[in-house]
Amino acid sequence: MKVLHVYRTYFPDPPGGLQEAIRQICLAVQGHGVENTIFTLTPRPEPAVIRRPEATVVRCRSWAAPASCDLGGIGALNCYRRLAAQADVIHLLFPWPFADLLQLVVRSRKPVVVTYISDIVRQRQMGRLYAPLLRRTLAGASAIVTSSPAYARTSPVLSSPLVRDKVQVIPLGIREPATSQHGDDEVFRRLGLDPVKPFFLFVGVLRYYKGLEFLVNAARQVKAPVLIAGSGAAEESLRRYVTDAEVDNVLFAGQVSEGEKVSLLRRCRGLILPSHLRSEAFGMVLVEAAMAGKPMVSCDIGTGTSWINQHEKTGYIVKPGCPDALARAMNQLLADAEQARIMGQAARQRYEVLYSGNITGQLYADLYRKLAKL
């Protein structure tokens, strides 16, 4: 069975949680007889085709990306038409308005699965203009997937009477490597960080909705290093903010390798995800922390983050945009190493039950096969 996955960006372009989610879906369904192709745009599509372990990645040129909405040209349209004709199922990851346009123009009759990641939160005017096109795509979809019950319940789009009967929940899981992935402890020497002493970790793309300014202000009240690993549009302003505020226990690791990330997750006291807006629809890094057996601190924003992290069981859920609440939760983990360990164990158990790649792969493969009638 051939599945065409469609999203605006993919590896090897700068990584993010959704690219990793797509990679994990592809890896998870391979064992169920699924052949994956990923259609994406990039400013520099050379090479145009990349063969990766999880999928064949077909890349067309992104001519512009207003409001993070990559737009392609005639070449992308023709390429999509060809790939759609070869697929048994088309899997759209939303929202991406250009994908709606592709579907509208190509008019493929192949069954369509829409994985609905997030409501449009920040670009509200664009969201209003986009709404009729989005509704058309969702109305024509064979199935709509969301990653958590919370998002299905709280999203005004998914709870609409026009689409809610099509909505089902499939969590975004992560396949654990067959053998334990080797870490790279050299990262501690590079950062001048003592791995024996407790520290807190943020990992992710540095974006406006990640709430990192609140984490910096919380760090003032925490007597442990707070490490920010990742890069992104907000990095320069965040570094200036830390310097101007004279917060001396916040460290920047920049973009870390997979091995470095593994080492940091294994040694940290807890993973902090201070995202304060609903743009953080799931939080794949929380699943990574749970897989590593680490407690988490996240914010109550009505999305999948509070499905992965369970308050006072796998970590703490705090009020969004509140440095004091973040600091209190971090200090609780800092003061009670045994409680942090117990929460980490509970997080690992929850990962095994809900978020392993095996579960995600089985659910998506069953859905693809049902729709393709194979």
# chains A, B, ... in the order shown; residues from 1 in each chain; ligands from 1
>>> residues_around(residues="A:Ala219", least_positions_apart="6", cutoff="10 Å", atoms="only C-alpha atoms", output="compact mmCIF listing (two decimals) with N, CA, C and O atoms, in the first residue's frame")
# COMPACT_ATOMS: atom_id res chain seq x y z
N PHE A 200 17.74 21.51 34.48
CA PHE A 200 16.47 21.39 33.76
C PHE A 200 16.71 21.62 32.27
O PHE A 200 17.62 22.35 31.88
N GLU A 213 10.34 33.16 27.38
CA GLU A 213 10.60 34.32 28.23
C GLU A 213 10.10 34.06 29.66
O GLU A 213 10.70 34.53 30.63
N PRO A 225 20.98 25.01 36.85
CA PRO A 225 21.04 25.46 35.46
C PRO A 225 19.76 25.10 34.69
O PRO A 225 19.16 24.04 34.92
N VAL A 226 19.38 25.97 33.80
CA VAL A 226 18.26 25.74 32.90
C VAL A 226 18.83 25.80 31.48
O VAL A 226 19.30 26.85 31.04
N VAL A 247 20.28 37.09 33.78
CA VAL A 247 19.94 35.77 34.34
C VAL A 247 21.12 34.85 34.04
O VAL A 247 21.37 34.53 32.88
N ASP A 248 21.84 34.44 35.06
CA ASP A 248 23.12 33.75 34.83
C ASP A 248 23.04 32.23 34.85
O ASP A 248 24.06 31.56 34.66
N ASN A 249 21.86 31.67 35.09
CA ASN A 249 21.78 30.20 35.11
C ASN A 249 21.03 29.63 33.90
O ASN A 249 20.65 28.47 33.88
N VAL A 250 20.80 30.45 32.88
CA VAL A 250 20.20 29.99 31.62
C VAL A 250 21.31 29.80 30.60
O VAL A 250 22.06 30.74 30.30
N PRO A 323 5.65 32.77 35.38
CA PRO A 323 6.99 32.33 35.82
C PRO A 323 7.00 31.78 37.24
O PRO A 323 7.73 30.82 37.53
N ASP A 324 6.20 32.35 38.13
CA ASP A 324 6.19 31.86 39.52
C ASP A 324 5.72 30.42 39.60
O ASP A 324 6.27 29.60 40.35
N LEU A 326 5.86 28.17 37.18
CA LEU A 326 6.92 27.33 36.60
C LEU A 326 8.02 27.09 37.63
O LEU A 326 8.48 25.95 37.81
N ALA A 327 8.44 28.15 38.29
CA ALA A 327 9.53 28.03 39.28
C ALA A 327 9.13 27.12 40.43
O ALA A 327 9.95 26.31 40.90
N MET A 330 9.39 23.51 39.23
CA MET A 330 10.79 23.12 39.06
C MET A 330 11.47 22.92 40.41
O MET A 330 12.23 21.96 40.60
N ASN A 331 11.17 23.80 41.35
CA ASN A 331 11.79 23.68 42.67
C ASN A 331 11.29 22.44 43.43
O ASN A 331 12.04 21.86 44.23
>>> closest_residue(among="A:Leu27, A:Thr360, A:Met1, A:Ser298", to="A:Ser147", atoms="only C-alpha atoms")
A:Thr360
>>> closest_residue(among="A:Val114, A:Met284, A:Gln86, A:Ala340", to="A:Arg23", atoms="only C-alpha atoms")
A:Met284
>>> atom_distance(atom1="atom CA of A:Val203", atom2="atom CA of A:Val285")
6.9 Å
>>> select_by_dssp(residues="stretch 163-295 of chain A", states="alpha helix (DSSP H)", output="JSON list (two decimals) with C-alpha atoms, in the first residue's frame")
[["chain", "number", "residue", "atom", "x", "y", "z"],
["A", 186, "GLU", "CA", 30.70, 15.23, 25.04],
["A", 187, "VAL", "CA", 27.86, 17.77, 25.07],
["A", 188, "PHE", "CA", 28.44, 18.36, 28.78],
["A", 189, "ARG", "CA", 32.06, 19.32, 28.23],
["A", 190, "ARG", "CA", 31.06, 21.55, 25.32],
["A", 191, "LEU", "CA", 28.54, 23.40, 27.47],
["A", 212, "LEU", "CA", 10.59, 30.81, 26.81],
["A", 213, "GLU", "CA", 10.60, 34.32, 28.23],
["A", 214, "PHE", "CA", 8.51, 32.94, 31.12],
["A", 215, "LEU", "CA", 11.04, 30.14, 31.58],
["A", 216, "VAL", "CA", 13.89, 32.68, 31.73],
["A", 217, "ASN", "CA", 12.04, 34.64, 34.42],
["A", 218, "ALA", "CA", 11.30, 31.43, 36.32],
["A", 219, "ALA", "CA", 14.99, 30.52, 36.23],
["A", 235, "GLU", "CA", 16.68, 32.73, 19.37],
["A", 236, "GLU", "CA", 18.38, 36.09, 18.87],
["A", 237, "SER", "CA", 15.80, 38.09, 20.81],
["A", 238, "LEU", "CA", 15.78, 35.48, 23.58],
["A", 239, "ARG", "CA", 19.56, 35.61, 23.97],
["A", 240, "ARG", "CA", 19.37, 39.41, 24.23],
["A", 241, "TYR", "CA", 16.60, 39.08, 26.81],
["A", 242, "VAL", "CA", 18.71, 36.75, 28.96],
["A", 243, "THR", "CA", 21.71, 39.10, 28.73],
["A", 244, "ASP", "CA", 19.71, 42.24, 29.48],
["A", 245, "ALA", "CA", 17.92, 40.56, 32.40],
["A", 258, "GLU", "CA", 20.28, 13.17, 18.42],
["A", 259, "GLY", "CA", 23.08, 11.72, 20.55],
["A", 260, "GLU", "CA", 23.46, 14.96, 22.51],
["A", 261, "LYS", "CA", 19.69, 15.13, 23.04],
["A", 262, "VAL", "CA", 19.66, 11.56, 24.36],
["A", 263, "SER", "CA", 22.42, 12.37, 26.86],
["A", 264, "LEU", "CA", 20.73, 15.56, 28.02],
["A", 265, "LEU", "CA", 17.37, 13.83, 28.50],
["A", 266, "ARG", "CA", 18.97, 10.98, 30.43],
["A", 267, "ARG", "CA", 20.75, 13.29, 32.88],
["A", 284, "MET", "CA", 6.42, 15.56, 20.81],
["A", 285, "VAL", "CA", 9.31, 16.38, 23.14],
["A", 286, "LEU", "CA", 7.09, 15.38, 26.07],
["A", 287, "VAL", "CA", 6.82, 11.90, 24.56],
["A", 288, "GLU", "CA", 10.62, 11.83, 24.23],
["A", 289, "ALA", "CA", 10.94, 12.78, 27.90],
["A", 290, "ALA", "CA", 8.43, 10.11, 28.90],
["A", 291, "MET", "CA", 10.33, 7.53, 26.84]]
>>> residues_around(residues="A:Ala141", least_positions_apart="6", cutoff="9 Å", atoms="only C-alpha atoms", output="PyMOL selection string")
chain A and resi 111-114+166
>>> decode(residues="stretch 194-229 of chain A", atoms="N, CA, C and O atoms", output="PDB file, in the first residue's frame")
ATOM      1  N   ASP A 194      27.991  20.324  34.457  1.00  0.00           N
ATOM      2  CA  ASP A 194      28.306  19.150  35.263  1.00  0.00           C
ATOM      3  C   ASP A 194      27.117  18.191  35.230  1.00  0.00           C
ATOM      4  O   ASP A 194      26.057  18.489  35.780  1.00  0.00           O
ATOM      5  N   PRO A 195      27.248  17.004  34.573  1.00  0.00           N
ATOM      6  CA  PRO A 195      26.099  16.099  34.450  1.00  0.00           C
ATOM      7  C   PRO A 195      25.688  15.452  35.762  1.00  0.00           C
ATOM      8  O   PRO A 195      24.611  14.863  35.848  1.00  0.00           O
ATOM      9  N   VAL A 196      26.523  15.543  36.786  1.00  0.00           N
ATOM     10  CA  VAL A 196      26.189  14.946  38.082  1.00  0.00           C
ATOM     11  C   VAL A 196      25.216  15.832  38.853  1.00  0.00           C
ATOM     12  O   VAL A 196      24.377  15.343  39.618  1.00  0.00           O
ATOM     13  N   LYS A 197      25.312  17.124  38.642  1.00  0.00           N
ATOM     14  CA  LYS A 197      24.437  18.059  39.345  1.00  0.00           C
ATOM     15  C   LYS A 197      23.128  18.230  38.577  1.00  0.00           C
ATOM     16  O   LYS A 197      23.099  18.177  37.349  1.00  0.00           O
ATOM     17  N   PRO A 198      22.006  18.439  39.286  1.00  0.00           N
ATOM     18  CA  PRO A 198      20.708  18.545  38.608  1.00  0.00           C
ATOM     19  C   PRO A 198      20.619  19.788  37.725  1.00  0.00           C
ATOM     20  O   PRO A 198      21.136  20.857  38.063  1.00  0.00           O
ATOM     21  N   PHE A 199      19.962  19.618  36.584  1.00  0.00           N
ATOM     22  CA  PHE A 199      19.670  20.741  35.692  1.00  0.00           C
ATOM     23  C   PHE A 199      18.341  20.462  35.008  1.00  0.00           C
ATOM     24  O   PHE A 199      17.859  19.326  34.966  1.00  0.00           O
ATOM     25  N   PHE A 200      17.735  21.515  34.478  1.00  0.00           N
ATOM     26  CA  PHE A 200      16.466  21.390  33.758  1.00  0.00           C
ATOM     27  C   PHE A 200      16.706  21.621  32.271  1.00  0.00           C
ATOM     28  O   PHE A 200      17.621  22.353  31.879  1.00  0.00           O
ATOM     29  N   LEU A 201      15.850  21.015  31.457  1.00  0.00           N
ATOM     30  CA  LEU A 201      16.075  21.002  30.010  1.00  0.00           C
ATOM     31  C   LEU A 201      14.830  21.423  29.247  1.00  0.00           C
ATOM     32  O   LEU A 201      13.723  20.948  29.527  1.00  0.00           O
ATOM     33  N   PHE A 202      15.025  22.311  28.309  1.00  0.00           N
ATOM     34  CA  PHE A 202      14.035  22.584  27.260  1.00  0.00           C
ATOM     35  C   PHE A 202      14.659  22.152  25.940  1.00  0.00           C
ATOM     36  O   PHE A 202      15.813  22.478  25.657  1.00  0.00           O
ATOM     37  N   VAL A 203      13.897  21.436  25.109  1.00  0.00           N
ATOM     38  CA  VAL A 203      14.341  21.066  23.774  1.00  0.00           C
ATOM     39  C   VAL A 203      13.236  21.424  22.785  1.00  0.00           C
ATOM     40  O   VAL A 203      12.072  21.072  22.999  1.00  0.00           O
ATOM     41  N   GLY A 204      13.604  22.116  21.721  1.00  0.00           N
ATOM     42  CA  GLY A 204      12.601  22.425  20.702  1.00  0.00           C
ATOM     43  C   GLY A 204      13.019  23.583  19.832  1.00  0.00           C
ATOM     44  O   GLY A 204      14.068  24.201  20.031  1.00  0.00           O
ATOM     45  N   VAL A 205      12.183  23.865  18.855  1.00  0.00           N
ATOM     46  CA  VAL A 205      12.389  25.035  17.998  1.00  0.00           C
ATOM     47  C   VAL A 205      11.995  26.270  18.796  1.00  0.00           C
ATOM     48  O   VAL A 205      10.960  26.283  19.482  1.00  0.00           O
ATOM     49  N   LEU A 206      12.817  27.310  18.726  1.00  0.00           N
ATOM     50  CA  LEU A 206      12.565  28.511  19.524  1.00  0.00           C
ATOM     51  C   LEU A 206      11.580  29.396  18.778  1.00  0.00           C
ATOM     52  O   LEU A 206      11.952  30.199  17.913  1.00  0.00           O
ATOM     53  N   ARG A 207      10.300  29.256  19.143  1.00  0.00           N
ATOM     54  CA  ARG A 207       9.227  29.991  18.480  1.00  0.00           C
ATOM     55  C   ARG A 207       8.462  30.828  19.499  1.00  0.00           C
ATOM     56  O   ARG A 207       8.590  30.649  20.706  1.00  0.00           O
ATOM     57  N   TYR A 208       7.611  31.711  18.973  1.00  0.00           N
ATOM     58  CA  TYR A 208       6.909  32.681  19.808  1.00  0.00           C
ATOM     59  C   TYR A 208       6.000  32.027  20.836  1.00  0.00           C
ATOM     60  O   TYR A 208       5.765  32.571  21.913  1.00  0.00           O
ATOM     61  N   TYR A 209       5.452  30.853  20.525  1.00  0.00           N
ATOM     62  CA  TYR A 209       4.461  30.263  21.422  1.00  0.00           C
ATOM     63  C   TYR A 209       5.071  29.343  22.472  1.00  0.00           C
ATOM     64  O   TYR A 209       4.341  28.758  23.283  1.00  0.00           O
ATOM     65  N   LYS A 210       6.395  29.216  22.483  1.00  0.00           N
ATOM     66  CA  LYS A 210       7.036  28.286  23.412  1.00  0.00           C
ATOM     67  C   LYS A 210       7.131  28.826  24.842  1.00  0.00           C
ATOM     68  O   LYS A 210       7.496  28.093  25.761  1.00  0.00           O
ATOM     69  N   GLY A 211       6.837  30.093  25.051  1.00  0.00           N
ATOM     70  CA  GLY A 211       6.826  30.645  26.403  1.00  0.00           C
ATOM     71  C   GLY A 211       8.196  30.728  27.054  1.00  0.00           C
ATOM     72  O   GLY A 211       8.309  30.698  28.285  1.00  0.00           O
ATOM     73  N   LEU A 212       9.235  30.869  26.256  1.00  0.00           N
ATOM     74  CA  LEU A 212      10.588  30.808  26.809  1.00  0.00           C
ATOM     75  C   LEU A 212      10.949  32.024  27.651  1.00  0.00           C
ATOM     76  O   LEU A 212      11.784  31.935  28.553  1.00  0.00           O
ATOM     77  N   GLU A 213      10.339  33.159  27.381  1.00  0.00           N
ATOM     78  CA  GLU A 213      10.600  34.321  28.226  1.00  0.00           C
ATOM     79  C   GLU A 213      10.100  34.060  29.657  1.00  0.00           C
ATOM     80  O   GLU A 213      10.699  34.532  30.631  1.00  0.00           O
ATOM     81  N   PHE A 214       9.018  33.291  29.787  1.00  0.00           N
ATOM     82  CA  PHE A 214       8.514  32.944  31.120  1.00  0.00           C
ATOM     83  C   PHE A 214       9.460  31.959  31.802  1.00  0.00           C
ATOM     84  O   PHE A 214       9.656  32.016  33.025  1.00  0.00           O
ATOM     85  N   LEU A 215      10.066  31.071  31.025  1.00  0.00           N
ATOM     86  CA  LEU A 215      11.043  30.140  31.583  1.00  0.00           C
ATOM     87  C   LEU A 215      12.283  30.885  32.066  1.00  0.00           C
ATOM     88  O   LEU A 215      12.826  30.577  33.139  1.00  0.00           O
ATOM     89  N   VAL A 216      12.728  31.878  31.305  1.00  0.00           N
ATOM     90  CA  VAL A 216      13.887  32.677  31.727  1.00  0.00           C
ATOM     91  C   VAL A 216      13.589  33.368  33.052  1.00  0.00           C
ATOM     92  O   VAL A 216      14.413  33.371  33.978  1.00  0.00           O
ATOM     93  N   ASN A 217      12.395  33.956  33.177  1.00  0.00           N
ATOM     94  CA  ASN A 217      12.043  34.638  34.422  1.00  0.00           C
ATOM     95  C   ASN A 217      11.877  33.664  35.580  1.00  0.00           C
ATOM     96  O   ASN A 217      12.204  33.983  36.732  1.00  0.00           O
ATOM     97  N   ALA A 218      11.397  32.450  35.280  1.00  0.00           N
ATOM     98  CA  ALA A 218      11.300  31.428  36.323  1.00  0.00           C
ATOM     99  C   ALA A 218      12.673  31.005  36.804  1.00  0.00           C
ATOM    100  O   ALA A 218      12.870  30.705  37.995  1.00  0.00           O
ATOM    101  N   ALA A 219      13.640  30.976  35.887  1.00  0.00           N
ATOM    102  CA  ALA A 219      14.992  30.523  36.227  1.00  0.00           C
ATOM    103  C   ALA A 219      15.619  31.368  37.326  1.00  0.00           C
ATOM    104  O   ALA A 219      16.475  30.877  38.077  1.00  0.00           O
ATOM    105  N   ARG A 220      15.206  32.623  37.451  1.00  0.00           N
ATOM    106  CA  ARG A 220      15.731  33.477  38.517  1.00  0.00           C
ATOM    107  C   ARG A 220      15.492  32.863  39.892  1.00  0.00           C
ATOM    108  O   ARG A 220      16.266  33.082  40.835  1.00  0.00           O
ATOM    109  N   GLN A 221      14.402  32.097  40.020  1.00  0.00           N
ATOM    110  CA  GLN A 221      14.004  31.548  41.314  1.00  0.00           C
ATOM    111  C   GLN A 221      14.449  30.101  41.511  1.00  0.00           C
ATOM    112  O   GLN A 221      14.061  29.469  42.488  1.00  0.00           O
ATOM    113  N   VAL A 222      15.216  29.573  40.576  1.00  0.00           N
ATOM    114  CA  VAL A 222      15.615  28.161  40.614  1.00  0.00           C
ATOM    115  C   VAL A 222      17.130  28.070  40.750  1.00  0.00           C
ATOM    116  O   VAL A 222      17.862  28.649  39.941  1.00  0.00           O
ATOM    117  N   LYS A 223      17.602  27.353  41.732  1.00  0.00           N
ATOM    118  CA  LYS A 223      19.042  27.237  41.963  1.00  0.00           C
ATOM    119  C   LYS A 223      19.603  26.000  41.259  1.00  0.00           C
ATOM    120  O   LYS A 223      20.114  25.067  41.872  1.00  0.00           O
ATOM    121  N   ALA A 224      19.454  26.025  39.933  1.00  0.00           N
ATOM    122  CA  ALA A 224      19.994  24.966  39.083  1.00  0.00           C
ATOM    123  C   ALA A 224      20.072  25.514  37.669  1.00  0.00           C
ATOM    124  O   ALA A 224      19.291  26.416  37.304  1.00  0.00           O
ATOM    125  N   PRO A 225      20.975  25.013  36.851  1.00  0.00           N
ATOM    126  CA  PRO A 225      21.040  25.461  35.456  1.00  0.00           C
ATOM    127  C   PRO A 225      19.761  25.097  34.693  1.00  0.00           C
ATOM    128  O   PRO A 225      19.160  24.039  34.921  1.00  0.00           O
ATOM    129  N   VAL A 226      19.383  25.974  33.802  1.00  0.00           N
ATOM    130  CA  VAL A 226      18.258  25.744  32.898  1.00  0.00           C
ATOM    131  C   VAL A 226      18.827  25.800  31.483  1.00  0.00           C
ATOM    132  O   VAL A 226      19.298  26.849  31.036  1.00  0.00           O
ATOM    133  N   LEU A 227      18.797  24.677  30.794  1.00  0.00           N
ATOM    134  CA  LEU A 227      19.430  24.554  29.489  1.00  0.00           C
ATOM    135  C   LEU A 227      18.380  24.632  28.386  1.00  0.00           C
ATOM    136  O   LEU A 227      17.398  23.882  28.401  1.00  0.00           O
ATOM    137  N   ILE A 228      18.590  25.521  27.433  1.00  0.00           N
ATOM    138  CA  ILE A 228      17.693  25.673  26.282  1.00  0.00           C
ATOM    139  C   ILE A 228      18.413  25.122  25.059  1.00  0.00           C
ATOM    140  O   ILE A 228      19.423  25.676  24.616  1.00  0.00           O
ATOM    141  N   ALA A 229      17.896  24.018  24.534  1.00  0.00           N
ATOM    142  CA  ALA A 229      18.504  23.359  23.381  1.00  0.00           C
ATOM    143  C   ALA A 229      17.592  23.516  22.173  1.00  0.00           C
ATOM    144  O   ALA A 229      16.423  23.139  22.219  1.00  0.00           O
TER     145      ALA A 229
END
